[in-house]
file final_30.pdb (PDB, C-alpha atoms)
MODEL        1
ATOM      1  CA  MET A   1     -43.210-140.885  33.482
ATOM      2  CA  ASN A   2     -42.942-144.117  31.500
ATOM      3  CA  GLN A   3     -41.777-147.072  33.519
ATOM      4  CA  SER A   4     -38.366-148.290  32.496
ATOM      5  CA  ILE A   5     -37.045-151.624  31.339
ATOM      6  CA  ALA A   6     -34.564-152.466  34.104
ATOM      7  CA  VAL A   7     -31.573-154.766  33.714
ATOM      8  CA  GLY A   8     -29.139-156.058  36.324
ATOM      9  CA  LEU A   9     -25.420-155.671  35.567
ATOM     10  CA  ASP A  10     -22.616-157.488  37.380
ATOM     11  CA  GLY A  11     -19.803-157.342  34.826
ATOM     12  CA  SER A  12     -20.378-160.852  33.484
ATOM     13  CA  ALA A  13     -20.856-161.715  29.820
ATOM     14  CA  GLU A  14     -24.354-162.920  30.657
ATOM     15  CA  SER A  15     -25.391-159.599  32.165
ATOM     16  CA  ALA A  16     -23.958-157.794  29.135
ATOM     17  CA  ALA A  17     -26.112-160.001  26.913
ATOM     18  CA  ALA A  18     -29.098-159.177  29.112
ATOM     19  CA  ALA A  19     -28.375-155.463  28.719
ATOM     20  CA  HIS A  20     -28.372-155.717  24.915
ATOM     21  CA  TRP A  21     -31.608-157.718  25.007
ATOM     22  CA  ALA A  22     -33.174-155.173  27.373
ATOM     23  CA  ALA A  23     -32.085-152.293  25.119
ATOM     24  CA  ARG A  24     -33.901-153.805  22.149
ATOM     25  CA  GLU A  25     -36.925-154.431  24.361
ATOM     26  CA  ALA A  26     -36.901-150.805  25.521
ATOM     27  CA  ILE A  27     -36.854-149.634  21.919
ATOM     28  CA  LEU A  28     -39.721-151.959  20.993
ATOM     29  CA  ARG A  29     -41.815-150.699  23.904
ATOM     30  CA  GLU A  30     -40.631-147.089  23.608
ATOM     31  CA  ARG A  31     -39.450-147.090  27.196
ATOM     32  CA  PRO A  32     -36.291-145.818  28.911
ATOM     33  CA  LEU A  33     -33.638-148.320  29.944
ATOM     34  CA  LEU A  34     -32.380-148.499  33.527
ATOM     35  CA  LEU A  35     -29.031-150.188  34.245
ATOM     36  CA  VAL A  36     -28.836-151.461  37.833
ATOM     37  CA  HIS A  37     -25.745-152.666  39.687
ATOM     38  CA  CYS A  38     -25.846-154.165  43.178
ATOM     39  CA  GLU A  39     -22.760-153.085  45.109
ATOM     40  CA  GLU A  40     -22.893-155.957  47.594
ATOM     41  CA  GLY A  41     -22.035-159.442  46.406
ATOM     42  CA  PRO A  42     -19.157-161.391  44.849
ATOM     43  CA  SER A  43     -17.025-159.844  42.144
ATOM     44  CA  PRO A  44     -17.312-161.301  38.647
ATOM     45  CA  VAL A  45     -15.419-164.536  38.149
ATOM     46  CA  GLY A  46     -11.726-163.910  37.602
ATOM     47  CA  PHE A  47     -11.800-160.271  38.735
ATOM     48  CA  ARG A  48     -10.850-158.943  42.139
ATOM     49  CA  VAL A  49     -11.453-155.532  43.612
ATOM     50  CA  GLY A  50     -10.273-154.501  47.039
ATOM     51  CA  GLY A  51     -11.991-152.103  49.441
ATOM     52  CA  THR A  52     -15.176-150.043  49.275
ATOM     53  CA  ASP A  53     -13.668-147.185  47.243
ATOM     54  CA  ALA A  54     -12.295-149.565  44.641
ATOM     55  CA  ARG A  55     -15.654-151.342  44.375
ATOM     56  CA  GLU A  56     -17.471-148.044  43.912
ATOM     57  CA  ARG A  57     -15.064-146.911  41.204
ATOM     58  CA  TRP A  58     -15.405-150.262  39.451
ATOM     59  CA  ALA A  59     -19.208-150.085  39.634
ATOM     60  CA  GLU A  60     -19.224-146.530  38.264
ATOM     61  CA  ALA A  61     -16.979-147.558  35.385
ATOM     62  CA  LEU A  62     -19.118-150.628  34.682
ATOM     63  CA  LEU A  63     -22.317-148.577  34.458
ATOM     64  CA  ALA A  64     -20.673-145.786  32.453
ATOM     65  CA  ASP A  65     -19.105-148.154  29.918
ATOM     66  CA  ALA A  66     -22.362-150.077  29.487
ATOM     67  CA  SER A  67     -24.322-146.843  29.036
ATOM     68  CA  ASP A  68     -21.900-145.565  26.412
ATOM     69  CA  ALA A  69     -21.972-148.849  24.513
ATOM     70  CA  LEU A  70     -25.761-149.032  24.459
ATOM     71  CA  ARG A  71     -26.187-145.370  23.475
ATOM     72  CA  GLY A  72     -23.669-145.915  20.703
ATOM     73  CA  ALA A  73     -25.623-148.892  19.384
ATOM     74  CA  HIS A  74     -29.006-147.180  19.869
ATOM     75  CA  PRO A  75     -28.589-143.371  19.632
ATOM     76  CA  HIS A  76     -32.222-142.614  20.507
ATOM     77  CA  LEU A  77     -32.345-144.903  23.541
ATOM     78  CA  ARG A  78     -32.822-143.160  26.885
ATOM     79  CA  VAL A  79     -30.429-144.751  29.377
ATOM     80  CA  SER A  80     -30.058-144.115  33.105
ATOM     81  CA  THR A  81     -28.075-145.920  35.799
ATOM     82  CA  MET A  82     -28.576-146.890  39.426
ATOM     83  CA  ALA A  83     -26.268-148.414  42.039
ATOM     84  CA  VAL A  84     -28.052-150.121  44.919
ATOM     85  CA  ASP A  85     -26.843-151.715  48.142
ATOM     86  CA  GLY A  86     -27.712-155.108  49.509
ATOM     87  CA  PRO A  87     -27.774-158.747  48.441
ATOM     88  CA  PRO A  88     -28.503-158.829  44.692
ATOM     89  CA  GLY A  89     -31.557-161.066  44.990
ATOM     90  CA  VAL A  90     -33.167-158.707  47.498
ATOM     91  CA  ALA A  91     -32.046-155.421  45.948
ATOM     92  CA  LEU A  92     -33.149-156.343  42.427
ATOM     93  CA  THR A  93     -36.523-157.541  43.702
ATOM     94  CA  GLU A  94     -37.000-154.126  45.303
ATOM     95  CA  VAL A  95     -36.202-152.406  41.990
ATOM     96  CA  ALA A  96     -38.686-154.532  40.023
ATOM     97  CA  PRO A  97     -41.967-152.863  41.174
ATOM     98  CA  THR A  98     -40.862-149.510  39.745
ATOM     99  CA  SER A  99     -40.052-151.053  36.346
ATOM    100  CA  GLU A 100     -42.146-152.463  33.527
ATOM    101  CA  MET A 101     -39.977-155.568  33.528
ATOM    102  CA  LEU A 102     -36.649-156.710  34.933
ATOM    103  CA  VAL A 103     -34.049-158.433  32.746
ATOM    104  CA  LEU A 104     -31.230-160.589  34.121
ATOM    105  CA  GLY A 105     -28.426-162.634  32.639
ATOM    106  CA  SER A 106     -28.271-166.375  33.184
ATOM    107  CA  ARG A 107     -25.606-168.964  32.425
ATOM    108  CA  GLY A 108     -28.203-171.701  32.627
ATOM    109  CA  LEU A 109     -29.432-172.693  36.044
ATOM    110  CA  GLY A 110     -28.599-176.359  35.609
ATOM    111  CA  THR A 111     -24.838-175.847  35.480
ATOM    112  CA  VAL A 112     -22.431-175.657  38.388
ATOM    113  CA  SER A 113     -20.833-172.480  37.029
ATOM    114  CA  GLY A 114     -24.235-170.829  36.862
ATOM    115  CA  HIS A 115     -25.351-171.772  40.370
ATOM    116  CA  VAL A 116     -24.612-168.464  42.099
ATOM    117  CA  LEU A 117     -25.985-166.353  39.267
ATOM    118  CA  GLY A 118     -28.928-168.721  38.994
ATOM    119  CA  SER A 119     -29.744-168.381  42.692
ATOM    120  CA  VAL A 120     -30.045-164.613  42.254
ATOM    121  CA  GLY A 121     -32.287-165.044  39.225
ATOM    122  CA  LEU A 122     -34.510-167.528  41.025
ATOM    123  CA  ALA A 123     -34.767-165.260  44.071
ATOM    124  CA  VAL A 124     -35.924-162.383  41.874
ATOM    125  CA  VAL A 125     -38.346-164.589  39.932
ATOM    126  CA  ARG A 126     -39.861-165.828  43.196
ATOM    127  CA  GLY A 127     -40.106-162.393  44.774
ATOM    128  CA  SER A 128     -41.178-160.158  41.895
ATOM    129  CA  GLU A 129     -44.734-159.591  40.732
ATOM    130  CA  ARG A 130     -43.419-157.859  37.605
ATOM    131  CA  PRO A 131     -42.327-159.875  34.562
ATOM    132  CA  VAL A 132     -38.738-161.116  34.906
ATOM    133  CA  VAL A 133     -36.763-162.128  31.805
ATOM    134  CA  LEU A 134     -33.687-164.356  32.016
ATOM    135  CA  VAL A 135     -31.319-164.153  29.031
ATOM    136  CA  ARG A 136     -28.584-166.604  28.128
ATOM    137  CA  GLY A 137     -25.363-165.209  26.695
ATOM    138  CA  THR A 138     -25.316-167.832  23.947
ATOM    139  CA  GLN A 139     -28.712-166.687  22.694
ATOM    140  CA  GLU A 140     -27.581-163.091  22.484
ATOM    141  CA  ALA A 141     -24.430-164.098  20.608
ATOM    142  CA  GLU A 142     -26.549-165.859  18.002
ATOM    143  CA  ARG A 143     -28.856-162.880  17.702
ATOM    144  CA  GLU A 144     -26.003-160.423  17.299
ATOM    145  CA  ALA A 145     -24.627-162.623  14.508
ATOM    146  CA  ARG A 146     -28.001-162.392  12.749
ATOM    147  CA  GLY A 147     -28.071-158.629  13.088
ATOM    148  CA  HIS A 148     -31.292-156.668  13.447
ATOM    149  CA  GLY A 149     -33.446-158.678  11.087
ATOM    150  CA  ALA A 150     -36.793-160.318  11.680
ATOM    151  CA  TYR A 151     -37.588-161.616  15.144
ATOM    152  CA  GLY A 152     -38.215-165.269  15.869
ATOM    153  CA  PRO A 153     -41.507-166.508  17.307
ATOM    154  CA  VAL A 154     -42.827-166.006  20.820
ATOM    155  CA  VAL A 155     -43.955-169.189  22.608
ATOM    156  CA  VAL A 156     -46.293-169.170  25.603
ATOM    157  CA  GLY A 157     -47.248-172.208  27.675
ATOM    158  CA  ILE A 158     -50.836-172.214  28.974
ATOM    159  CA  ASP A 159     -52.531-174.404  31.581
ATOM    160  CA  THR A 160     -56.151-174.693  30.439
ATOM    161  CA  ASP A 161     -57.222-176.113  33.815
ATOM    162  CA  ARG A 162     -56.034-173.004  35.705
ATOM    163  CA  PRO A 163     -55.707-170.328  33.035
ATOM    164  CA  SER A 164     -54.592-166.757  33.659
ATOM    165  CA  ASP A 165     -54.813-163.715  31.436
ATOM    166  CA  ALA A 166     -51.443-162.281  32.490
ATOM    167  CA  PRO A 167     -49.063-164.608  30.579
ATOM    168  CA  LEU A 168     -51.318-164.491  27.494
ATOM    169  CA  ALA A 169     -51.545-160.701  27.571
ATOM    170  CA  PHE A 170     -47.772-160.412  27.920
ATOM    171  CA  ALA A 171     -47.092-162.907  25.125
ATOM    172  CA  PHE A 172     -49.513-161.239  22.693
ATOM    173  CA  GLU A 173     -48.015-157.832  23.405
ATOM    174  CA  GLU A 174     -44.484-159.126  22.872
ATOM    175  CA  ALA A 175     -45.466-160.768  19.565
ATOM    176  CA  ALA A 176     -47.229-157.578  18.452
ATOM    177  CA  HIS A 177     -44.166-155.434  19.204
ATOM    178  CA  ARG A 178     -41.973-157.839  17.248
ATOM    179  CA  ALA A 179     -44.458-158.439  14.397
ATOM    180  CA  CYS A 180     -43.669-162.130  14.793
ATOM    181  CA  PRO A 181     -45.774-165.309  15.113
ATOM    182  CA  LEU A 182     -47.098-166.411  18.496
ATOM    183  CA  CYS A 183     -47.328-170.085  19.457
ATOM    184  CA  VAL A 184     -49.893-170.760  22.204
ATOM    185  CA  LEU A 185     -49.014-174.158  23.604
ATOM    186  CA  HIS A 186     -50.781-176.562  25.927
ATOM    187  CA  SER A 187     -49.418-179.989  26.779
ATOM    188  CA  ALA A 188     -52.186-182.439  27.664
ATOM    189  CA  ALA A 189     -51.710-185.499  29.818
ATOM    190  CA  ALA A 190     -51.543-188.800  27.984
ATOM    191  CA  PRO A 191     -54.903-190.622  27.727
ATOM    192  CA  PRO A 192     -55.732-193.085  30.551
ATOM    193  CA  LEU A 193     -54.045-196.475  30.177
ATOM    194  CA  TYR A 194     -51.795-195.122  27.433
ATOM    195  CA  GLY A 195     -48.765-197.401  27.152
ATOM    196  CA  SER A 196     -50.169-200.032  29.510
ATOM    197  CA  GLY A 197     -50.442-202.670  26.793
ATOM    198  CA  MET A 198     -54.074-201.984  25.917
ATOM    199  CA  ALA A 199     -54.961-201.002  22.382
ATOM    200  CA  TYR A 200     -54.318-197.326  21.782
ATOM    201  CA  GLU A 201     -57.158-195.636  19.962
ATOM    202  CA  PRO A 202     -56.007-192.513  18.041
ATOM    203  CA  ALA A 203     -59.591-191.270  17.834
ATOM    204  CA  VAL A 204     -59.624-190.782  21.601
ATOM    205  CA  THR A 205     -56.583-188.530  21.520
ATOM    206  CA  ASP A 206     -57.910-186.661  18.491
ATOM    207  CA  GLN A 207     -61.144-185.923  20.326
ATOM    208  CA  LEU A 208     -59.300-184.747  23.458
ATOM    209  CA  THR A 209     -57.017-182.579  21.330
ATOM    210  CA  ARG A 210     -59.966-180.903  19.618
ATOM    211  CA  GLN A 211     -61.580-180.198  22.974
ATOM    212  CA  VAL A 212     -58.428-178.572  24.334
ATOM    213  CA  GLU A 213     -57.923-176.591  21.115
ATOM    214  CA  ALA A 214     -61.476-175.263  21.437
ATOM    215  CA  LYS A 215     -60.808-174.235  25.037
ATOM    216  CA  LEU A 216     -57.555-172.535  24.034
ATOM    217  CA  SER A 217     -59.305-170.695  21.198
ATOM    218  CA  ASP A 218     -61.883-169.376  23.661
ATOM    219  CA  LEU A 219     -59.138-168.265  26.062
ATOM    220  CA  ILE A 220     -57.197-166.334  23.445
ATOM    221  CA  ALA A 221     -60.218-164.826  21.647
ATOM    222  CA  PRO A 222     -60.094-161.479  23.562
ATOM    223  CA  TRP A 223     -56.391-161.096  22.843
ATOM    224  CA  ARG A 224     -56.840-161.917  19.169
ATOM    225  CA  GLN A 225     -59.394-159.113  18.998
ATOM    226  CA  ARG A 226     -57.020-156.710  20.729
ATOM    227  CA  TRP A 227     -53.996-157.702  18.598
ATOM    228  CA  PRO A 228     -55.540-158.755  15.247
ATOM    229  CA  ALA A 229     -52.232-158.504  13.357
ATOM    230  CA  VAL A 230     -50.571-161.217  15.490
ATOM    231  CA  ARG A 231     -50.347-164.566  13.710
ATOM    232  CA  VAL A 232     -51.343-167.228  16.218
ATOM    233  CA  ASP A 233     -50.547-170.934  16.126
ATOM    234  CA  VAL A 234     -52.598-172.894  18.661
ATOM    235  CA  ARG A 235     -50.751-176.091  19.463
ATOM    236  CA  VAL A 236     -51.867-178.991  21.678
ATOM    237  CA  THR A 237     -49.294-181.667  22.428
ATOM    238  CA  THR A 238     -49.127-184.742  24.643
ATOM    239  CA  GLY A 239     -46.449-185.312  27.229
ATOM    240  CA  ARG A 240     -44.624-183.456  29.988
ATOM    241  CA  ALA A 241     -45.405-179.751  29.802
ATOM    242  CA  ALA A 242     -41.863-178.501  30.457
ATOM    243  CA  GLY A 243     -40.390-180.754  27.778
ATOM    244  CA  GLN A 244     -42.958-179.659  25.216
ATOM    245  CA  ILE A 245     -42.359-175.974  25.995
ATOM    246  CA  LEU A 246     -38.603-176.444  25.707
ATOM    247  CA  GLU A 247     -38.963-178.261  22.394
ATOM    248  CA  SER A 248     -41.326-175.670  20.919
ATOM    249  CA  GLY A 249     -39.251-172.822  22.352
ATOM    250  CA  ALA A 250     -35.929-173.935  20.900
ATOM    251  CA  GLY A 251     -34.848-171.059  18.666
ATOM    252  CA  ALA A 252     -37.739-168.846  19.791
ATOM    253  CA  ASP A 253     -37.176-165.162  20.369
ATOM    254  CA  LEU A 254     -38.897-165.444  23.740
ATOM    255  CA  VAL A 255     -40.538-168.175  25.834
ATOM    256  CA  VAL A 256     -43.274-167.021  28.216
ATOM    257  CA  VAL A 257     -44.325-169.007  31.291
ATOM    258  CA  GLY A 258     -46.415-168.155  34.328
ATOM    259  CA  ARG A 259     -45.824-168.153  38.064
ATOM    260  CA  ARG A 260     -48.795-168.290  40.401
ATOM    261  CA  ILE A 261     -48.532-165.797  43.277
ATOM    262  CA  ARG A 262     -49.013-167.721  46.501
ATOM    263  CA  ARG A 263     -48.575-166.782  50.114
ATOM    264  CA  SER A 264     -47.379-169.607  52.331
ATOM    265  CA  SER A 265     -45.245-170.266  55.386
ATOM    266  CA  VAL A 266     -42.294-171.197  53.153
ATOM    267  CA  GLY A 267     -42.594-168.026  51.069
ATOM    268  CA  PRO A 268     -43.097-167.599  47.310
ATOM    269  CA  HIS A 269     -42.002-170.343  44.965
ATOM    270  CA  VAL A 270     -41.776-171.267  41.303
ATOM    271  CA  GLY A 271     -43.918-174.115  39.983
ATOM    272  CA  PRO A 272     -42.235-177.261  38.638
ATOM    273  CA  VAL A 273     -42.905-176.532  34.949
ATOM    274  CA  THR A 274     -41.563-172.977  35.108
ATOM    275  CA  HIS A 275     -38.617-174.111  37.241
ATOM    276  CA  ASN A 276     -37.718-176.781  34.678
ATOM    277  CA  VAL A 277     -37.969-174.354  31.760
ATOM    278  CA  LEU A 278     -35.708-171.873  33.567
ATOM    279  CA  HIS A 279     -33.131-174.595  34.141
ATOM    280  CA  HIS A 280     -32.930-175.806  30.565
ATOM    281  CA  ALA A 281     -34.126-173.188  28.048
ATOM    282  CA  SER A 282     -31.562-171.699  25.691
ATOM    283  CA  SER A 283     -33.928-168.921  24.566
ATOM    284  CA  PRO A 284     -34.770-165.932  26.777
ATOM    285  CA  VAL A 285     -37.511-166.859  29.261
ATOM    286  CA  ALA A 286     -40.079-164.409  30.619
ATOM    287  CA  VAL A 287     -41.752-165.382  33.890
ATOM    288  CA  VAL A 288     -45.069-163.569  34.372
ATOM    289  CA  ALA A 289     -46.560-163.626  37.852
ATOM    290  CA  HIS A 290     -50.329-164.013  38.155
ATOM    291  CA  ARG A 291     -52.985-164.804  40.762
TER
ENDMDL
END

call {"tool": "encode", "arguments": {"input": "final_30.pdb", "output": "structure tokens"}}
result
Amino acid sequence: MNQSIAVGLDGSAESAAAAHWAAREAILRERPLLLVHCEEGPSPVGFRVGGTDARERWAEALLADASDALRGAHPHLRVSTMAVDGPPGVALTEVAPTSEMLVLGSRGLGTVSGHVLGSVGLAVVRGSERPVVLVRGTQEAEREARGHGAYGPVVVGIDTDRPSDAPLAFAFEEAAHRACPLCVLHSAAAPPLYGSGMAYEPAVTDQLTRQVEAKLSDLIAPWRQRWPAVRVDVRVTTGRAAGQILESGAGADLVVVGRRIRRSSVGPHVGPVTHNVLHHASSPVAVVAHR
């Protein structure tokens, strides 16, 4: 059985946007869509339900209405539903291994109003070894206004010092499904003594840039062979990695970043670049775990 594209629903506008994004992703990948609601946790803002029976009826109606809406928009989409118990961050993490990817709504983790929803998203990102995609409601609104036309680019940030195939493989596959350009981005540190008052020699930066571009080209060569139709833009910039990814990813259809799987006494975590991108990106962000 094909693994599904799973999406968490909580009745918020952001989770509805995530469901529409996940539906389009399921169609692109020719996968079924699984709508998941966690029955433990706070009710959506501005809505109160009282008692277990009332919560269950509300959850059933939420899943049924979402299923009907998505089937109406995509008649050939296979949709199933699941209600799970437990804290959302834990329950959704347990759903992730049985899915090809997990999609969640996000108000933007840097805002006060998005703190609770953001904490769930971060918990799932930290705990899941499957790709997790966070979708902003504003992005989906813009996409719906554009209709079902051409997709925007996919942007993937790569660390050439500690590269991993997983984010690259995911990004190439996403670009291939969308028939859209792929931007492979690396942000290099500024040259030594840059800005210290000494003469800045552009030739030094040009040489460093060419070296990094050559390394990036070698890294992506296997994926170019596998997905020859994908148009690839290799881009080397200078500055803080998160800022460069956010700038290049503004208006992108999807931004892809990695998360290194580590075992430590404090548990799994998200690296500073990925954490910053999750806080500030307006485009959907896919976090791909790798070793």

call {"tool": "resolve_selection", "arguments": {"input": "final_30.pdb", "expression": "the PyMOL selection byres ((chain A and resi 89) around 6)", "output": "PyMOL selection string"}}
result
chain A and resi 87-88+90-92+120+123-124

call {"tool": "atom_distance", "arguments": {"input": "final_30.pdb", "atom1": "atom CA of A:Glu247", "atom2": "atom CA of A:Gly8"}}
result
28.0 Å

call {"tool": "atom_distance", "arguments": {"input": "final_30.pdb", "atom1": "atom CA of A:Trp21", "atom2": "atom CA of A:Cys180"}}
result
16.4 Å

call {"tool": "atom_distance", "arguments": {"input": "final_30.pdb", "atom1": "atom CA of A:Gly105", "atom2": "atom CA of A:Ser282"}}
result
11.8 Å

call {"tool": "closest_residue", "arguments": {"input": "final_30.pdb", "among": "A:Leu70, A:Val234, A:Val36, A:Ala22", "to": "A:Val95", "atoms": "all atoms listed in the file"}}
result
A:Val36

call {"tool": "closest_residue", "arguments": {"input": "final_30.pdb", "among": "A:Ile245, A:Leu216, A:Ala176, A:Val125", "to": "A:Arg260", "atoms": "only C-alpha atoms"}}
result
A:Val125

call {"tool": "residues_around", "arguments": {"input": "final_30.pdb", "residues": "stretch 160-173 of chain A", "least_positions_apart": "4", "cutoff": "10 Å", "atoms": "all atoms listed in the file", "output": "PyMOL selection string"}}
result
chain A and resi 29+131+154-156+177-188+212-213+215-216+219-220+222-224+226-228+230-232+254-260+286-291

call {"tool": "write_last_selection", "arguments": {"input": "final_30.pdb", "atoms": "C-alpha atoms", "output": "PDB file, keeping the file's coordinate frame"}}
result
ATOM      1  CA  ARG A  29     -41.815-150.699  23.904  1.00  0.00           C
ATOM      2  CA  PRO A 131     -42.327-159.875  34.562  1.00  0.00           C
ATOM      3  CA  VAL A 154     -42.827-166.006  20.820  1.00  0.00           C
ATOM      4  CA  VAL A 155     -43.955-169.189  22.608  1.00  0.00           C
ATOM      5  CA  VAL A 156     -46.293-169.170  25.603  1.00  0.00           C
ATOM      6  CA  HIS A 177     -44.166-155.434  19.204  1.00  0.00           C
ATOM      7  CA  ARG A 178     -41.973-157.839  17.248  1.00  0.00           C
ATOM      8  CA  ALA A 179     -44.458-158.439  14.397  1.00  0.00           C
ATOM      9  CA  CYS A 180     -43.669-162.130  14.793  1.00  0.00           C
ATOM     10  CA  PRO A 181     -45.774-165.309  15.113  1.00  0.00           C
ATOM     11  CA  LEU A 182     -47.098-166.411  18.496  1.00  0.00           C
ATOM     12  CA  CYS A 183     -47.328-170.085  19.457  1.00  0.00           C
ATOM     13  CA  VAL A 184     -49.893-170.760  22.204  1.00  0.00           C
ATOM     14  CA  LEU A 185     -49.014-174.158  23.604  1.00  0.00           C
ATOM     15  CA  HIS A 186     -50.781-176.562  25.927  1.00  0.00           C
ATOM     16  CA  SER A 187     -49.418-179.989  26.779  1.00  0.00           C
ATOM     17  CA  ALA A 188     -52.186-182.439  27.664  1.00  0.00           C
ATOM     18  CA  VAL A 212     -58.428-178.572  24.334  1.00  0.00           C
ATOM     19  CA  GLU A 213     -57.923-176.591  21.115  1.00  0.00           C
ATOM     20  CA  LYS A 215     -60.808-174.235  25.037  1.00  0.00           C
ATOM     21  CA  LEU A 216     -57.555-172.535  24.034  1.00  0.00           C
ATOM     22  CA  LEU A 219     -59.138-168.265  26.062  1.00  0.00           C
ATOM     23  CA  ILE A 220     -57.197-166.334  23.445  1.00  0.00           C
ATOM     24  CA  PRO A 222     -60.094-161.479  23.562  1.00  0.00           C
ATOM     25  CA  TRP A 223     -56.391-161.096  22.843  1.00  0.00           C
ATOM     26  CA  ARG A 224     -56.840-161.917  19.169  1.00  0.00           C
ATOM     27  CA  ARG A 226     -57.020-156.710  20.729  1.00  0.00           C
ATOM     28  CA  TRP A 227     -53.996-157.702  18.598  1.00  0.00           C
ATOM     29  CA  PRO A 228     -55.540-158.755  15.247  1.00  0.00           C
ATOM     30  CA  VAL A 230     -50.571-161.217  15.490  1.00  0.00           C
ATOM     31  CA  ARG A 231     -50.347-164.566  13.710  1.00  0.00           C
ATOM     32  CA  VAL A 232     -51.343-167.228  16.218  1.00  0.00           C
ATOM     33  CA  LEU A 254     -38.897-165.444  23.740  1.00  0.00           C
ATOM     34  CA  VAL A 255     -40.538-168.175  25.834  1.00  0.00           C
ATOM     35  CA  VAL A 256     -43.274-167.021  28.216  1.00  0.00           C
ATOM     36  CA  VAL A 257     -44.325-169.007  31.291  1.00  0.00           C
ATOM     37  CA  GLY A 258     -46.415-168.155  34.328  1.00  0.00           C
ATOM     38  CA  ARG A 259     -45.824-168.153  38.064  1.00  0.00           C
ATOM     39  CA  ARG A 260     -48.795-168.290  40.401  1.00  0.00           C
ATOM     40  CA  ALA A 286     -40.079-164.409  30.619  1.00  0.00           C
ATOM     41  CA  VAL A 287     -41.752-165.382  33.890  1.00  0.00           C
ATOM     42  CA  VAL A 288     -45.069-163.569  34.372  1.00  0.00           C
ATOM     43  CA  ALA A 289     -46.560-163.626  37.852  1.00  0.00           C
ATOM     44  CA  HIS A 290     -50.329-164.013  38.155  1.00  0.00           C
ATOM     45  CA  ARG A 291     -52.985-164.804  40.762  1.00  0.00           C
TER      46      ARG A 291
END

call {"tool": "resolve_selection", "arguments": {"input": "final_30.pdb", "expression": "the PyMOL selection byres ((chain A and resi 64) around 12)", "output": "VMD selection string"}}
result
chain A and resid 9 11 35 to 37 57 to 63 65 to 71 79 to 83

call {"tool": "closest_residue", "arguments": {"input": "final_30.pdb", "among": "A:Ser99, A:Thr205, A:Ser283, A:Thr238", "to": "A:Val135", "atoms": "all atoms listed in the file"}}
result
A:Ser283

call {"tool": "residues_around", "arguments": {"input": "final_30.pdb", "residues": "A:Arg126", "least_positions_apart": "4", "cutoff": "9 Å", "atoms": "all atoms listed in the file", "output": "list of chain:residue names"}}
result
A:Thr93, A:Gly121, A:Leu122, A:Arg259, A:Ile261, A:Gly267, A:Pro268, A:His269, A:Val270, A:Ala289

call {"tool": "resolve_selection", "arguments": {"input": "final_30.pdb", "expression": "the PyMOL selection byres ((chain A and resi 3) around 9)", "output": "number ranges by chain"}}
result
A: 1-2, 4-5, 31-33, 98-101

call {"tool": "closest_residue", "arguments": {"input": "final_30.pdb", "among": "A:Val84, A:Ala23, A:Ala54, A:Leu102", "to": "A:Ala6", "atoms": "all atoms listed in the file"}}
result
A:Leu102

call {"tool": "closest_residue", "arguments": {"input": "final_30.pdb", "among": "A:Asp85, A:Ala73, A:Leu28, A:Gly137", "to": "A:Glu56", "atoms": "all atoms listed in the file"}}
result
A:Asp85

call {"tool": "closest_residue", "arguments": {"input": "final_30.pdb", "among": "A:Asn276, A:Ser12, A:Gln211, A:Ser119", "to": "A:Arg240", "atoms": "only C-alpha atoms"}}
result
A:Asn276

call {"tool": "decode", "arguments": {"input": "final_30.pdb", "residues": "stretch 158-191 of chain A", "atoms": "C-alpha atoms", "output": "short mmCIF file (atom, residue, chain, number, x, y, z; two decimals), in the first residue's frame"}}
result
data_model
loop_
_atom_site.label_atom_id
_atom_site.label_comp_id
_atom_site.auth_asym_id
_atom_site.auth_seq_id
_atom_site.Cartn_x
_atom_site.Cartn_y
_atom_site.Cartn_z
CA ILE A 158 23.03 22.96 1.56
CA ASP A 159 25.98 22.88 3.96
CA THR A 160 28.96 21.85 1.83
CA ASP A 161 31.08 21.15 4.93
CA ARG A 162 28.63 18.51 6.23
CA PRO A 163 26.52 17.59 3.21
CA SER A 164 23.71 15.05 3.21
CA ASP A 165 21.91 13.41 0.33
CA ALA A 166 18.49 13.44 2.00
CA PRO A 167 17.57 17.15 1.62
CA LEU A 168 18.95 17.21 -1.94
CA ALA A 169 17.05 14.07 -2.93
CA PHE A 170 13.83 15.48 -1.47
CA ALA A 171 14.28 18.87 -3.15
CA PHE A 172 15.03 17.36 -6.58
CA GLU A 173 12.00 15.09 -6.33
CA GLU A 174 9.75 17.98 -5.34
CA ALA A 175 11.03 20.11 -8.25
CA ALA A 176 10.56 17.20 -10.65
CA HIS A 177 6.96 16.65 -9.54
CA ARG A 178 6.23 20.34 -9.99
CA ALA A 179 8.22 20.77 -13.23
CA CYS A 180 9.67 23.90 -11.66
CA PRO A 181 13.21 25.30 -11.22
CA LEU A 182 15.35 24.23 -8.28
CA CYS A 183 17.70 26.65 -6.53
CA VAL A 184 20.55 24.90 -4.67
CA LEU A 185 21.90 27.46 -2.24
CA HIS A 186 24.99 27.62 -0.07
CA SER A 187 25.88 30.64 2.04
CA ALA A 188 29.63 30.93 2.59
CA ALA A 189 31.22 32.73 5.50
CA ALA A 190 32.66 36.14 4.74
CA PRO A 191 36.40 36.10 3.89
#
